[in-house]
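Below is one structure, written out as structure tokens, with a few remarks after it.
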Amino acid sequence: MYAFYVRLGVSRATLQKMEKGDLSVSLEKYYRAAQLLGVQDTFDGLFDMEEDFFQ
């Protein structure tokens, strides 16, 4: 079985940055990790907009 960072398509150092929440890693990489872990629906929920505050 391949290491998670290989399946994710990043270096081991990048995965370590992701584990620390480093903002220099692209959101695309975090989303791909969510897909591989099967939690992309939860990830997508981060971007659901509530009603506009001004309406």
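Chain labels run A, B, ... following the order of the structure tokens; each chain numbers its residues from 1, and ligands are numbered from 1 in the order shown.
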- [ ] Could you find all residues in chain A that DSSP calls helix (DSSP H, G or I) from the backbone, and write them as an NGL selection string?
- [x] :A and (4-8 or 12-19 or 27-37 or 40-45)
TODO: Show which residues sit within 7 Å of region 24-34 of chain A, as a PyMOL selection string. Count only C-alpha atoms, and ignore same-chain residues fewer than 5 positions away.
DONE: chain A and resi 8+18+39-40+43
Output the selection as a CSV table (one decimal), in the first residue's frame - C-alpha atoms for each residue.
```
chain,number,residue,atom,x,y,z
A,8,LEU,CA,-2.2,12.5,-2.5
A,18,MET,CA,-0.8,20.0,5.9
A,39,VAL,CA,-14.9,13.3,3.9
A,40,GLN,CA,-15.2,15.7,1.0
A,43,PHE,CA,-15.2,19.8,3.4
```
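Atom pair CA of Glu19 (chain A) / CA of Gly45 (chain A): separated by 20.2 Å.
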Task: Pairwise distance for CA of Arg7 (chain A) and CA of Asp48 (chain A), rounded to one decimal in Å - done: 27.8 Å
